[in-house]
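The next block is upload_35.csv, given as CSV, C-alpha atoms.
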```
chain,number,residue,atom,x,y,z
A,29,MET,CA,-16.0,7.1,-7.4
A,30,CYS,CA,-14.9,7.4,-3.7
A,31,THR,CA,-16.3,7.2,-0.2
A,32,LEU,CA,-15.4,8.9,3.0
A,33,GLU,CA,-15.6,7.1,6.3
A,34,LYS,CA,-15.0,8.6,9.7
A,35,ARG,CA,-13.6,6.5,12.6
A,36,GLY,CA,-13.0,8.8,15.6
A,37,ASN,CA,-10.5,11.3,14.4
A,38,LEU,CA,-9.5,9.2,11.3
A,39,PHE,CA,-11.0,9.9,7.9
A,40,ILE,CA,-10.7,7.1,5.4
A,41,LEU,CA,-11.0,8.2,1.8
A,42,THR,CA,-11.4,5.1,-0.5
A,43,LEU,CA,-11.3,5.1,-4.3
A,44,THR,CA,-14.0,2.4,-4.9
A,45,GLY,CA,-14.3,-0.2,-7.6
A,46,ASP,CA,-13.3,-3.7,-8.7
A,47,ASN,CA,-10.0,-5.1,-10.0
A,48,LYS,CA,-10.8,-3.7,-13.5
A,49,ASP,CA,-11.4,-0.2,-12.2
A,50,GLU,CA,-8.3,2.0,-12.9
A,51,HIS,CA,-9.7,5.0,-11.0
A,52,ARG,CA,-9.0,7.2,-14.0
A,53,LEU,CA,-9.3,10.9,-13.1
A,54,ASN,CA,-12.3,12.3,-15.0
A,55,PRO,CA,-14.5,15.3,-14.0
A,56,ALA,CA,-16.8,13.0,-12.0
A,57,LEU,CA,-14.1,11.3,-9.9
A,58,ILE,CA,-12.3,14.6,-9.4
A,59,SER,CA,-15.5,16.2,-8.1
A,60,SER,CA,-16.1,13.2,-5.9
A,61,ILE,CA,-12.6,13.4,-4.3
A,62,ARG,CA,-13.0,17.2,-3.8
A,63,SER,CA,-16.4,16.7,-2.1
A,64,ALA,CA,-14.9,14.1,0.2
A,65,LEU,CA,-12.0,16.3,1.2
A,66,ALA,CA,-14.4,19.3,1.7
A,67,GLU,CA,-16.4,17.1,4.1
A,68,ALA,CA,-13.3,16.0,6.0
A,69,LYS,CA,-12.2,19.6,6.3
A,70,SER,CA,-15.5,20.7,7.6
A,71,GLN,CA,-15.3,18.1,10.4
A,72,ALA,CA,-11.6,18.5,11.2
A,73,VAL,CA,-10.6,18.8,14.8
A,74,ALA,CA,-7.2,18.8,16.6
A,75,GLY,CA,-5.8,15.3,16.0
A,76,SER,CA,-7.7,14.6,12.7
A,77,VAL,CA,-5.8,12.5,10.1
A,78,LEU,CA,-6.8,11.3,6.6
A,79,ILE,CA,-5.7,8.2,4.8
A,80,THR,CA,-6.4,7.4,1.2
A,81,LEU,CA,-6.9,3.9,-0.1
A,82,ALA,CA,-7.9,2.4,-3.4
A,83,GLN,CA,-9.7,-0.8,-4.2
A,84,GLY,CA,-8.5,-3.0,-7.1
A,85,ARG,CA,-5.2,-3.3,-9.0
A,86,PHE,CA,-4.7,0.4,-9.5
A,87,PHE,CA,-4.3,3.3,-7.1
A,88,SER,CA,-5.0,5.5,-10.1
A,89,ASN,CA,-4.0,5.3,-13.7
A,90,GLY,CA,-4.1,9.0,-14.4
A,91,PHE,CA,-6.4,11.2,-16.4
A,92,ASP,CA,-9.3,9.5,-18.2
A,93,LEU,CA,-8.2,9.8,-21.8
A,94,ARG,CA,-11.1,7.7,-23.0
A,95,HIS,CA,-13.4,10.3,-21.5
A,96,ALA,CA,-11.7,13.0,-23.4
A,97,GLN,CA,-11.8,11.0,-26.6
A,98,ALA,CA,-15.5,10.4,-26.1
A,99,VAL,CA,-16.1,14.1,-25.8
A,100,GLY,CA,-14.2,14.6,-29.0
A,101,ALA,CA,-16.1,11.9,-30.8
A,102,LYS,CA,-19.5,13.3,-29.7
A,103,SER,CA,-18.7,16.7,-31.1
A,104,GLY,CA,-16.7,15.3,-34.1
A,105,SER,CA,-13.7,17.4,-33.1
A,106,ILE,CA,-10.2,16.4,-32.1
A,107,GLN,CA,-9.8,19.9,-30.6
A,108,ALA,CA,-12.8,19.2,-28.3
A,109,ALA,CA,-11.0,16.1,-27.0
A,110,LYS,CA,-7.8,18.2,-26.4
A,111,ASP,CA,-9.8,20.9,-24.7
A,112,GLU,CA,-11.5,18.3,-22.4
A,113,LEU,CA,-8.1,16.9,-21.4
A,114,LEU,CA,-6.9,20.4,-20.6
A,115,ARG,CA,-10.1,21.0,-18.6
A,116,MET,CA,-9.3,17.8,-16.5
A,117,VAL,CA,-5.7,19.1,-15.9
A,118,ASP,CA,-7.2,22.4,-14.6
A,119,LEU,CA,-9.9,20.6,-12.5
A,120,PHE,CA,-7.3,18.3,-10.9
A,121,LYS,CA,-5.3,21.3,-9.8
A,122,GLY,CA,-8.1,21.8,-7.2
A,123,VAL,CA,-7.5,18.3,-5.8
A,124,VAL,CA,-3.8,19.1,-5.2
A,125,SER,CA,-4.7,22.4,-3.7
A,126,ASP,CA,-7.2,20.7,-1.4
A,127,PHE,CA,-4.6,18.3,-0.1
A,128,LEU,CA,-2.1,21.1,0.5
A,129,THR,CA,-4.6,23.1,2.5
A,130,LEU,CA,-6.3,20.2,4.4
A,131,PRO,CA,-6.0,20.9,8.1
A,132,MET,CA,-4.7,17.5,9.1
A,133,PRO,CA,-1.8,15.1,8.2
A,134,THR,CA,-2.5,12.9,5.2
A,135,VAL,CA,-1.3,9.4,4.3
A,136,ALA,CA,-1.7,7.5,1.0
A,137,THR,CA,-1.4,3.7,0.7
A,138,VAL,CA,-0.5,2.7,-2.8
A,139,GLY,CA,-1.6,-0.9,-3.2
A,140,GLY,CA,-1.8,-0.8,-7.0
A,141,HIS,CA,-0.3,1.0,-9.9
A,142,ALA,CA,0.0,4.8,-9.7
A,143,ALA,CA,0.6,6.5,-13.1
A,144,ALA,CA,0.8,10.1,-14.3
A,145,ALA,CA,-1.9,12.1,-12.5
A,146,GLY,CA,-2.5,9.1,-10.3
A,147,LEU,CA,1.1,9.3,-9.1
A,148,ILE,CA,0.7,13.1,-8.5
A,149,LEU,CA,-2.4,12.2,-6.4
A,150,ALA,CA,-0.4,9.9,-4.2
A,151,MET,CA,2.5,12.4,-3.9
A,152,SER,CA,0.1,15.1,-2.8
A,153,HIS,CA,-0.1,13.3,0.5
A,154,ASP,CA,2.3,14.0,3.4
A,155,TYR,CA,3.3,10.3,3.7
A,156,VAL,CA,3.1,7.3,1.3
A,157,THR,CA,3.3,3.6,1.9
A,158,MET,CA,3.4,1.2,-1.0
A,159,THR,CA,3.1,-2.5,-1.6
A,160,SER,CA,5.9,-4.2,-3.6
A,161,SER,CA,3.8,-7.2,-4.7
A,162,ARG,CA,1.8,-5.6,-7.5
A,163,SER,CA,2.4,-1.9,-8.0
A,164,VAL,CA,4.7,0.5,-9.9
A,165,MET,CA,4.9,4.3,-10.1
A,166,TYR,CA,5.1,5.7,-13.6
A,167,MET,CA,5.1,9.1,-15.1
A,168,SER,CA,3.8,8.2,-18.5
A,169,GLU,CA,3.6,11.6,-20.2
A,170,LEU,CA,6.8,11.1,-22.2
A,171,ASP,CA,5.5,7.8,-23.5
A,172,ILE,CA,2.1,9.1,-24.5
A,173,GLY,CA,3.4,12.4,-25.9
A,174,MET,CA,2.2,15.0,-23.4
A,175,THR,CA,4.1,17.7,-21.6
A,176,LEU,CA,3.9,17.9,-17.8
A,177,PRO,CA,1.5,20.5,-16.3
A,178,ASP,CA,3.5,23.1,-14.5
A,179,TYR,CA,2.1,22.2,-11.1
A,180,PHE,CA,3.1,18.5,-11.7
A,181,THR,CA,6.7,19.6,-12.3
A,182,ALA,CA,6.6,21.9,-9.2
A,183,LEU,CA,5.3,19.1,-7.0
A,184,ILE,CA,7.9,16.6,-8.3
A,185,ARG,CA,10.7,19.2,-7.7
A,186,SER,CA,9.4,19.9,-4.2
A,187,LYS,CA,8.9,16.3,-3.2
A,188,ILE,CA,11.9,14.4,-4.8
A,189,GLY,CA,15.2,15.9,-3.7
A,190,SER,CA,17.5,13.9,-6.0
A,191,ALA,CA,18.0,15.3,-9.5
A,192,SER,CA,18.9,11.8,-10.9
A,193,ALA,CA,15.7,10.4,-9.4
A,194,ARG,CA,13.6,13.2,-11.0
A,195,ARG,CA,15.4,12.5,-14.3
A,196,SER,CA,14.7,8.8,-14.1
A,197,LEU,CA,11.0,9.4,-13.3
A,198,VAL,CA,10.2,12.0,-15.9
A,199,LEU,CA,12.9,11.9,-18.6
A,200,ARG,CA,13.1,8.1,-18.8
A,201,ALA,CA,9.5,7.3,-17.9
A,202,ALA,CA,10.8,4.6,-15.6
A,203,LYS,CA,8.3,2.2,-14.1
A,204,VAL,CA,9.5,2.5,-10.5
A,205,LYS,CA,8.9,-0.5,-8.2
A,206,ALA,CA,8.3,0.0,-4.5
A,207,GLU,CA,11.9,-0.6,-3.2
A,208,GLU,CA,13.3,1.8,-5.8
A,209,ALA,CA,10.6,4.3,-5.0
A,210,VAL,CA,11.7,4.3,-1.3
A,211,GLU,CA,15.3,4.9,-2.4
A,212,MET,CA,14.2,7.8,-4.7
A,213,GLY,CA,12.3,9.4,-1.9
A,214,ILE,CA,8.9,9.1,-3.6
A,215,VAL,CA,7.4,6.9,-0.9
A,216,ASP,CA,8.3,6.4,2.7
A,217,SER,CA,8.2,2.6,3.1
A,218,ALA,CA,7.4,-0.5,1.1
A,219,TYR,CA,5.8,-3.8,2.2
A,220,PRO,CA,5.3,-7.2,0.5
A,221,SER,CA,1.5,-7.2,0.7
A,222,PRO,CA,-1.2,-4.5,0.5
A,223,GLU,CA,-2.4,-5.6,3.9
A,224,GLU,CA,1.0,-4.8,5.5
A,225,ALA,CA,1.1,-1.4,3.7
A,226,VAL,CA,-2.3,-0.5,5.1
A,227,GLU,CA,-1.6,-1.7,8.6
A,228,THR,CA,1.6,0.4,8.7
A,229,ALA,CA,-0.2,3.4,7.4
A,230,MET,CA,-2.9,3.0,10.0
A,231,ARG,CA,-0.3,2.8,12.7
A,232,LEU,CA,1.2,6.0,11.4
A,233,CYS,CA,-2.2,7.6,11.4
A,234,ASP,CA,-2.7,6.7,15.1
A,235,GLU,CA,0.7,8.1,16.0
A,236,LEU,CA,0.0,11.4,14.2
A,237,ALA,CA,-3.5,11.6,15.7
A,238,LYS,CA,-2.1,11.4,19.2
A,239,LYS,CA,-0.1,14.6,18.5
A,240,ARG,CA,-3.4,16.6,18.4
A,241,TRP,CA,-1.8,19.4,16.4
A,242,ASP,CA,-3.8,22.4,15.4
A,243,GLY,CA,-4.9,21.6,11.8
A,244,LYS,CA,-4.7,25.2,10.6
A,245,VAL,CA,-1.1,25.5,11.8
A,246,TYR,CA,-0.3,22.2,10.2
A,247,ALA,CA,-1.7,23.2,6.8
A,248,GLU,CA,0.1,26.6,6.8
A,249,ILE,CA,3.5,25.0,7.7
A,250,ARG,CA,2.9,22.4,5.0
A,251,LYS,CA,2.2,25.1,2.4
A,252,ALA,CA,5.3,27.0,3.4
A,253,LEU,CA,7.4,23.9,2.4
A,254,TYR,CA,6.2,24.2,-1.2
A,255,PRO,CA,6.3,27.9,-2.2
A,256,GLU,CA,6.6,27.3,-5.9
A,257,LEU,CA,3.7,24.9,-6.0
A,258,CYS,CA,1.6,27.1,-3.9
A,259,GLY,CA,2.3,30.0,-6.2
A,260,LEU,CA,1.1,28.0,-9.2
A,261,LEU,CA,-2.0,27.0,-7.3
A,262,GLY,CA,-2.7,30.5,-6.2
A,263,LEU,CA,-2.5,29.7,-2.5
A,264,LYS,CA,-1.6,32.5,-0.1
A,265,ASP,CA,0.2,32.2,3.3
A,266,GLU,CA,-1.7,33.0,6.4
A,267,LYS,CA,0.0,33.7,9.7
A,268,VAL,CA,-1.2,31.7,12.7
A,269,LEU,CA,-0.1,32.6,16.2
A,270,PRO,CA,-0.4,30.7,19.5
A,271,SER,CA,-3.7,31.2,21.2
A,272,LYS,CA,-2.0,31.6,24.6
A,273,LEU,CA,0.3,34.6,24.5
```

What's the C-alpha coordinates form of this structure?
Amino acid sequence: MCTLEKRGNLFILTLTGDNKDEHRLNPALISSIRSALAEAKSQAVAGSVLITLAQGRFFSNGFDLRHAQAVGAKSGSIQAAKDELLRMVDLFKGVVSDFLTLPMPTVATVGGHAAAAGLILAMSHDYVTMTSSRSVMYMSELDIGMTLPDYFTALIRSKIGSASARRSLVLRAAKVKAEEAVEMGIVDSAYPSPEEAVETAMRLCDELAKKRWDGKVYAEIRKALYPELCGLLGLKDEKVLPSKL
(Lines of atoms letter the chains of each structure in order from A and count residues from 1; the text may use other names and numbers.)
(Lines give C-alpha, C1' and ligand atoms only; values in the text may rest on other atoms or scores of the structure.)
Protein backbone atom coordinates (compact mmCIF):
# COMPACT_ATOMS: atom_id res chain seq x y z
CA MET A 1 0.00 0.00 0.00
CA CYS A 2 1.11 3.62 0.35
CA THR A 3 1.26 6.43 2.87
CA LEU A 4 1.05 10.20 2.52
CA GLU A 5 3.00 12.48 4.85
CA LYS A 6 2.81 16.26 4.86
CA ARG A 7 5.83 18.35 5.88
CA GLY A 8 4.95 21.99 5.43
CA ASN A 9 4.18 22.37 1.72
CA LEU A 10 5.83 19.04 0.83
CA PHE A 11 3.74 15.91 0.38
CA ILE A 12 5.65 12.62 0.60
CA LEU A 13 3.90 9.68 -1.07
CA THR A 14 5.61 6.41 -0.12
CA LEU A 15 4.96 2.97 -1.56
CA THR A 16 5.46 0.90 1.57
CA GLY A 17 6.80 -2.61 2.07
CA ASP A 18 9.95 -4.67 2.59
CA ASN A 19 12.64 -5.73 0.11
CA LYS A 20 10.40 -8.50 -1.23
CA ASP A 21 7.55 -6.12 -2.00
CA GLU A 22 7.43 -5.37 -5.73
CA HIS A 23 4.65 -2.76 -5.39
CA ARG A 24 2.69 -4.48 -8.13
CA LEU A 25 -0.26 -2.43 -9.25
CA ASN A 26 -3.48 -4.21 -8.33
CA PRO A 27 -6.89 -2.64 -7.61
CA ALA A 28 -6.05 -2.17 -3.91
CA LEU A 29 -2.73 -0.35 -4.50
CA ILE A 30 -4.19 1.71 -7.34
CA SER A 31 -7.02 2.79 -5.04
CA SER A 32 -4.54 3.60 -2.25
CA ILE A 33 -2.43 5.80 -4.55
CA ARG A 34 -5.49 7.62 -5.86
CA SER A 35 -6.76 8.25 -2.34
CA ALA A 36 -3.38 9.71 -1.34
CA LEU A 37 -3.31 11.96 -4.40
CA ALA A 38 -6.87 13.12 -3.71
CA GLU A 39 -5.85 14.01 -0.16
CA ALA A 40 -2.83 15.95 -1.40
CA LYS A 41 -4.99 17.77 -3.93
CA SER A 42 -7.53 18.73 -1.27
CA GLN A 43 -4.77 20.30 0.88
CA ALA A 44 -2.81 21.95 -1.93
CA VAL A 45 -1.75 25.57 -1.60
CA ALA A 46 0.56 27.83 -3.58
CA GLY A 47 4.02 26.28 -3.21
CA SER A 48 2.88 22.69 -2.65
CA VAL A 49 5.09 19.94 -4.11
CA LEU A 50 4.74 16.13 -4.09
CA ILE A 51 7.52 13.54 -4.08
CA THR A 52 6.98 9.80 -4.56
CA LEU A 53 9.32 7.26 -2.96
CA ALA A 54 9.23 3.48 -2.74
CA GLN A 55 10.59 1.17 -0.06
CA GLY A 56 12.49 -1.97 -1.02
CA ARG A 57 14.19 -3.20 -4.19
CA PHE A 58 11.40 -2.12 -6.54
CA PHE A 59 9.83 1.21 -7.38
CA SER A 60 7.05 -0.81 -8.99
CA ASN A 61 7.11 -4.02 -11.04
CA GLY A 62 4.00 -3.21 -13.03
CA PHE A 63 0.54 -4.72 -13.01
CA ASP A 64 -0.17 -7.54 -10.57
CA LEU A 65 -0.48 -10.47 -12.97
CA ARG A 66 -0.72 -12.93 -10.09
CA HIS A 67 -3.80 -11.09 -8.86
CA ALA A 68 -5.38 -11.44 -12.31
CA GLN A 69 -4.44 -15.12 -12.40
CA ALA A 70 -6.00 -15.64 -8.97
CA VAL A 71 -9.24 -14.07 -10.15
CA GLY A 72 -9.21 -16.40 -13.14
CA ALA A 73 -8.46 -19.45 -11.01
CA LYS A 74 -11.26 -18.61 -8.60
CA SER A 75 -13.80 -18.48 -11.41
CA GLY A 76 -12.19 -21.29 -13.40
CA SER A 77 -11.94 -19.01 -16.42
CA ILE A 78 -8.92 -17.75 -18.35
CA GLN A 79 -11.16 -15.02 -19.74
CA ALA A 80 -11.85 -13.81 -16.21
CA ALA A 81 -8.09 -13.38 -15.68
CA LYS A 82 -7.80 -11.42 -18.93
CA ASP A 83 -10.80 -9.27 -17.99
CA GLU A 84 -9.25 -8.50 -14.59
CA LEU A 85 -5.98 -7.43 -16.22
CA LEU A 86 -7.90 -5.14 -18.57
CA ARG A 87 -9.78 -3.77 -15.56
CA MET A 88 -6.45 -2.90 -13.89
CA VAL A 89 -5.30 -1.19 -17.11
CA ASP A 90 -8.46 0.92 -17.01
CA LEU A 91 -8.17 1.65 -13.27
CA PHE A 92 -4.56 2.74 -13.62
CA LYS A 93 -5.62 5.29 -16.22
CA GLY A 94 -7.05 7.21 -13.25
CA VAL A 95 -3.64 7.35 -11.56
CA VAL A 96 -2.00 8.87 -14.65
CA SER A 97 -4.89 11.33 -14.91
CA ASP A 98 -4.52 12.26 -11.24
CA PHE A 99 -0.83 13.06 -11.68
CA LEU A 100 -1.51 15.16 -14.77
CA THR A 101 -4.16 17.22 -12.97
CA LEU A 102 -2.46 17.46 -9.57
CA PRO A 103 -2.12 21.18 -8.75
CA MET A 104 1.56 21.06 -7.81
CA PRO A 105 4.93 19.96 -9.23
CA THR A 106 5.69 16.25 -8.81
CA VAL A 107 9.00 14.43 -8.40
CA ALA A 108 9.64 10.66 -8.37
CA THR A 109 12.75 9.03 -6.93
CA VAL A 110 13.34 5.63 -8.48
CA GLY A 111 15.51 3.72 -6.03
CA GLY A 112 14.58 0.29 -7.38
CA HIS A 113 13.41 -1.39 -10.55
CA ALA A 114 10.57 0.29 -12.46
CA ALA A 115 8.93 -2.02 -14.98
CA ALA A 116 5.96 -1.74 -17.36
CA ALA A 117 3.14 0.12 -15.57
CA GLY A 118 5.65 0.85 -12.80
CA LEU A 119 7.77 2.77 -15.31
CA ILE A 120 4.66 4.61 -16.50
CA LEU A 121 3.98 5.51 -12.85
CA ALA A 122 7.44 7.07 -12.57
CA MET A 123 7.13 8.87 -15.91
CA SER A 124 3.79 10.36 -14.87
CA HIS A 125 5.76 12.71 -12.61
CA ASP A 126 7.24 16.01 -13.78
CA TYR A 127 10.77 15.11 -12.67
CA VAL A 128 12.49 11.78 -12.01
CA THR A 129 15.73 11.04 -10.16
CA MET A 130 17.16 7.53 -10.17
CA THR A 131 19.80 5.50 -8.40
CA SER A 132 22.38 3.69 -10.53
CA SER A 133 23.31 1.11 -7.91
CA ARG A 134 20.32 -1.22 -8.08
CA SER A 135 17.64 -0.15 -10.53
CA VAL A 136 16.66 -0.52 -14.17
CA MET A 137 13.74 0.74 -16.22
CA TYR A 138 12.06 -1.86 -18.39
CA MET A 139 8.97 -1.94 -20.60
CA SER A 140 8.34 -5.68 -20.40
CA GLU A 141 5.20 -5.91 -22.54
CA LEU A 142 7.04 -7.26 -25.61
CA ASP A 143 8.66 -9.99 -23.51
CA ILE A 144 5.42 -11.07 -21.80
CA GLY A 145 3.30 -10.89 -24.95
CA MET A 146 1.05 -7.91 -24.21
CA THR A 147 0.33 -4.87 -26.36
CA LEU A 148 0.78 -1.42 -24.87
CA PRO A 149 -2.33 0.41 -23.66
CA ASP A 150 -2.94 3.48 -25.82
CA TYR A 151 -2.31 5.91 -22.98
CA PHE A 152 1.05 4.23 -22.22
CA THR A 153 2.12 4.82 -25.82
CA ALA A 154 0.91 8.43 -25.76
CA LEU A 155 2.81 9.14 -22.53
CA ILE A 156 5.99 7.57 -23.91
CA ARG A 157 5.72 9.59 -27.13
CA SER A 158 5.10 12.76 -25.13
CA LYS A 159 7.90 12.29 -22.62
CA ILE A 160 10.70 10.71 -24.70
CA GLY A 161 11.70 12.91 -27.61
CA SER A 162 14.13 10.56 -29.36
CA ALA A 163 12.62 8.02 -31.76
CA SER A 164 15.61 5.71 -31.27
CA ALA A 165 15.20 5.88 -27.50
CA ARG A 166 11.50 5.00 -27.80
CA ARG A 167 12.37 2.13 -30.13
CA SER A 168 14.95 0.77 -27.71
CA LEU A 169 12.54 1.00 -24.80
CA VAL A 170 9.45 -0.58 -26.36
CA LEU A 171 10.62 -2.52 -29.45
CA ARG A 172 13.73 -4.05 -27.89
CA ALA A 173 12.38 -4.29 -24.33
CA ALA A 174 15.75 -2.95 -23.19
CA LYS A 175 16.56 -2.97 -19.49
CA VAL A 176 17.72 0.60 -19.17
CA LYS A 177 20.23 1.50 -16.47
CA ALA A 178 20.26 4.89 -14.82
CA GLU A 179 22.96 6.62 -16.87
CA GLU A 180 21.38 5.46 -20.13
CA ALA A 181 17.96 6.54 -18.86
CA VAL A 182 19.36 10.06 -18.42
CA GLU A 183 20.75 10.03 -21.99
CA MET A 184 17.39 8.80 -23.32
CA GLY A 185 15.52 11.55 -21.49
CA ILE A 186 13.50 9.17 -19.31
CA VAL A 187 14.97 10.51 -16.07
CA ASP A 188 16.55 13.84 -15.20
CA SER A 189 19.52 12.70 -13.12
CA ALA A 190 21.19 9.57 -11.73
CA TYR A 191 23.14 9.00 -8.50
CA PRO A 192 25.24 6.16 -7.09
CA SER A 193 23.06 5.56 -4.04
CA PRO A 194 19.34 5.78 -3.21
CA GLU A 195 20.16 8.28 -0.47
CA GLU A 196 21.80 10.69 -2.95
CA ALA A 197 18.86 10.35 -5.35
CA VAL A 198 16.42 11.19 -2.55
CA GLU A 199 18.52 14.09 -1.26
CA THR A 200 18.70 15.62 -4.73
CA ALA A 201 14.98 15.18 -5.24
CA MET A 202 14.25 16.82 -1.90
CA ARG A 203 16.42 19.80 -2.83
CA LEU A 204 14.53 20.10 -6.09
CA CYS A 205 11.25 20.01 -4.17
CA ASP A 206 12.49 22.85 -1.95
CA GLU A 207 13.43 24.92 -4.99
CA LEU A 208 10.06 24.34 -6.64
CA ALA A 209 8.16 25.10 -3.42
CA LYS A 210 9.87 28.50 -3.16
CA LYS A 211 8.32 29.50 -6.49
CA ARG A 212 4.87 29.45 -4.87
CA TRP A 213 3.16 28.97 -8.21
CA ASP A 214 -0.62 28.80 -8.50
CA GLY A 215 -1.32 25.06 -8.54
CA LYS A 216 -4.30 25.27 -10.88
CA VAL A 217 -2.28 27.23 -13.43
CA TYR A 218 0.58 24.74 -13.12
CA ALA A 219 -1.73 21.78 -13.73
CA GLU A 220 -3.38 23.40 -16.77
CA ILE A 221 -0.02 24.25 -18.36
CA ARG A 222 1.17 20.69 -17.69
CA LYS A 223 -1.92 19.27 -19.37
CA ALA A 224 -1.37 21.52 -22.39
CA LEU A 225 2.03 19.88 -22.96
CA TYR A 226 0.43 16.48 -23.52
CA PRO A 227 -2.69 16.97 -25.70
CA GLU A 228 -2.73 13.41 -27.11
CA LEU A 229 -2.47 11.86 -23.67
CA CYS A 230 -5.08 14.19 -22.20
CA GLY A 231 -7.43 13.34 -25.06
CA LEU A 232 -7.15 9.63 -24.31
CA LEU A 233 -7.71 10.31 -20.61
CA GLY A 234 -10.72 12.50 -21.29
CA LEU A 235 -9.17 15.60 -19.72
CA LYS A 236 -10.40 19.00 -20.88
CA ASP A 237 -8.50 22.29 -20.92
CA GLU A 238 -9.59 25.02 -18.55
CA LYS A 239 -8.52 28.63 -19.01
CA VAL A 240 -7.06 30.36 -15.94
CA LEU A 241 -6.40 34.11 -16.00
CA PRO A 242 -4.43 36.30 -13.58
CA SER A 243 -6.43 37.34 -10.55
CA LYS A 244 -5.03 40.87 -10.83
CA LEU A 245 -6.10 42.42 -14.13

- [ ] Please check which residues have atoms at most 7 Å from (5.4, 1.0, -11.8) in the file's coordinates, counting all atoms listed in the file, and write them as JSON, numbers by chain.
- [x] {"A": [141, 142, 163, 164, 165, 166, 203, 204, 205]}

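For the choices A:Ile172, A:Ser217, A:Phe91, A:Gly262, the atom-to-atom distance to A:Leu114 is smallest for A:Phe91 when using only C-alpha atoms.
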
Task: Length of the atom CA of A:Met158 to atom CA of A:Ala143 vector [Å] - done: 13.5 Å

Task: Proximity to A:Met151 - best of A:Ala68, A:Gly213, A:Val99, A:Met174, only C-alpha atoms - done: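 That would be A:Gly213, the residue with the smallest distance to A:Met151.
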
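Here the question is which of A:Thr175, A:Leu113, A:Asp118, A:Pro222 gets nearest to A:Arg85 using all atoms listed in the file, and that residue is A:Pro222.
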
Open item on the list: Report, in Å to a single decimal, how far apart atom CA of A:Tyr155 and atom CA of A:Thr228 are.
Closed with: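 Computed distance, atom CA of A:Thr228 to atom CA of A:Tyr155, equals 11.2 Å.
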
Task: A:Ser76, A:Ser196, A:Ser152, A:Ser168 ranked by distance to A:Met132, top pick (using only C-alpha atoms) - done: A:Ser76

Task: Pairwise distance for atom CA of A:Trp241 and atom CA of A:Leu260, rounded to one decimal in Å - done: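 Distance reported for this atom pair: 27.2 Å.
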
Selection near A:Glu266, 10 Å with all atoms listed in the file, sequence-local residues under 3 positions removed, as a PDB file with C-alpha atoms, in the frame of the given file:
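This is the output file part-v5.pdb:
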```pdb
ATOM      1  CA  LYS A 244      -4.700  25.200  10.600  1.00  0.00           C
ATOM      2  CA  VAL A 245      -1.100  25.500  11.800  1.00  0.00           C
ATOM      3  CA  ALA A 247      -1.700  23.200   6.800  1.00  0.00           C
ATOM      4  CA  GLU A 248       0.100  26.600   6.800  1.00  0.00           C
ATOM      5  CA  ILE A 249       3.500  25.000   7.700  1.00  0.00           C
ATOM      6  CA  LYS A 251       2.200  25.100   2.400  1.00  0.00           C
ATOM      7  CA  ALA A 252       5.300  27.000   3.400  1.00  0.00           C
ATOM      8  CA  LEU A 263      -2.500  29.700  -2.500  1.00  0.00           C
ATOM      9  CA  LEU A 269      -0.100  32.600  16.200  1.00  0.00           C
TER      10      LEU A 269
END
```

- [ ] Name the closest residue to A:Ala82 among the candidates A:Pro220, A:Gly45, A:Gly104, A:Pro177; distances are taken between atoms, counting only C-alpha atoms.
- [x]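 Distance minimum relative to A:Ala82 lands on A:Gly45.
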
Interface rows for stretch 121-209 of chain A against stretch 70-75 of chain A: nearest pair, Å to one decimal, 10 Å, all atoms listed in the file, as a Markdown table:
```
| residue | atom | partner | partner_atom | distance |
| --- | --- | --- | --- | --- |
| A:Leu130 | CA | A:Ala72 | CA | 8.8 |
| A:Pro131 | CA | A:Ala72 | CA | 6.8 |
| A:Met132 | CA | A:Ala72 | CA | 7.3 |
| A:Pro133 | CA | A:Gly75 | CA | 8.8 |
```

Task: Test item: residues at most 12 Å from A:Arg231, only C-alpha atoms, excluding those fewer than 4 positions along its chain, as a list in words - done: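 These residues fall inside the cut-off: Leu38, Val77, Ile79, Val135, Thr157, Glu224, Ala225, Val226, Glu227, Glu235, Leu236, Ala237 and Lys238 of chain A.
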
At a cut-off of 8 Å, using all atoms listed in the file, what residues contact A:Leu183? Leave out same-chain residues fewer than 2 positions from it and give the result as a short mmCIF file (atom, residue, chain, number, x, y, z; two decimals) with C-alpha atoms, keeping the file's coordinate frame.
```
data_model
loop_
_atom_site.label_atom_id
_atom_site.label_comp_id
_atom_site.auth_asym_id
_atom_site.auth_seq_id
_atom_site.Cartn_x
_atom_site.Cartn_y
_atom_site.Cartn_z
CA ILE A 148 0.70 13.10 -8.50
CA MET A 151 2.50 12.40 -3.90
CA SER A 152 0.10 15.10 -2.80
CA TYR A 179 2.10 22.20 -11.10
CA PHE A 180 3.10 18.50 -11.70
CA THR A 181 6.70 19.60 -12.30
CA ARG A 185 10.70 19.20 -7.70
CA SER A 186 9.40 19.90 -4.20
CA LYS A 187 8.90 16.30 -3.20
CA TYR A 254 6.20 24.20 -1.20
CA LEU A 257 3.70 24.90 -6.00
#
```

Excluding A:Leu93 and residues on its chain fewer than 4 positions from it, collect all residues at most 9 Å away from it, counting only C-alpha atoms, and give them as a PDB file with C-alpha atoms, keeping the file's coordinate frame.
```pdb
ATOM      1  CA  ARG A  52      -9.000   7.200 -14.000  1.00  0.00           C
ATOM      2  CA  LEU A  53      -9.300  10.900 -13.100  1.00  0.00           C
ATOM      3  CA  ASN A  54     -12.300  12.300 -15.000  1.00  0.00           C
ATOM      4  CA  GLN A  97     -11.800  11.000 -26.600  1.00  0.00           C
ATOM      5  CA  ALA A  98     -15.500  10.400 -26.100  1.00  0.00           C
ATOM      6  CA  ALA A 109     -11.000  16.100 -27.000  1.00  0.00           C
ATOM      7  CA  LEU A 113      -8.100  16.900 -21.400  1.00  0.00           C
TER       8      LEU A 113
END
```
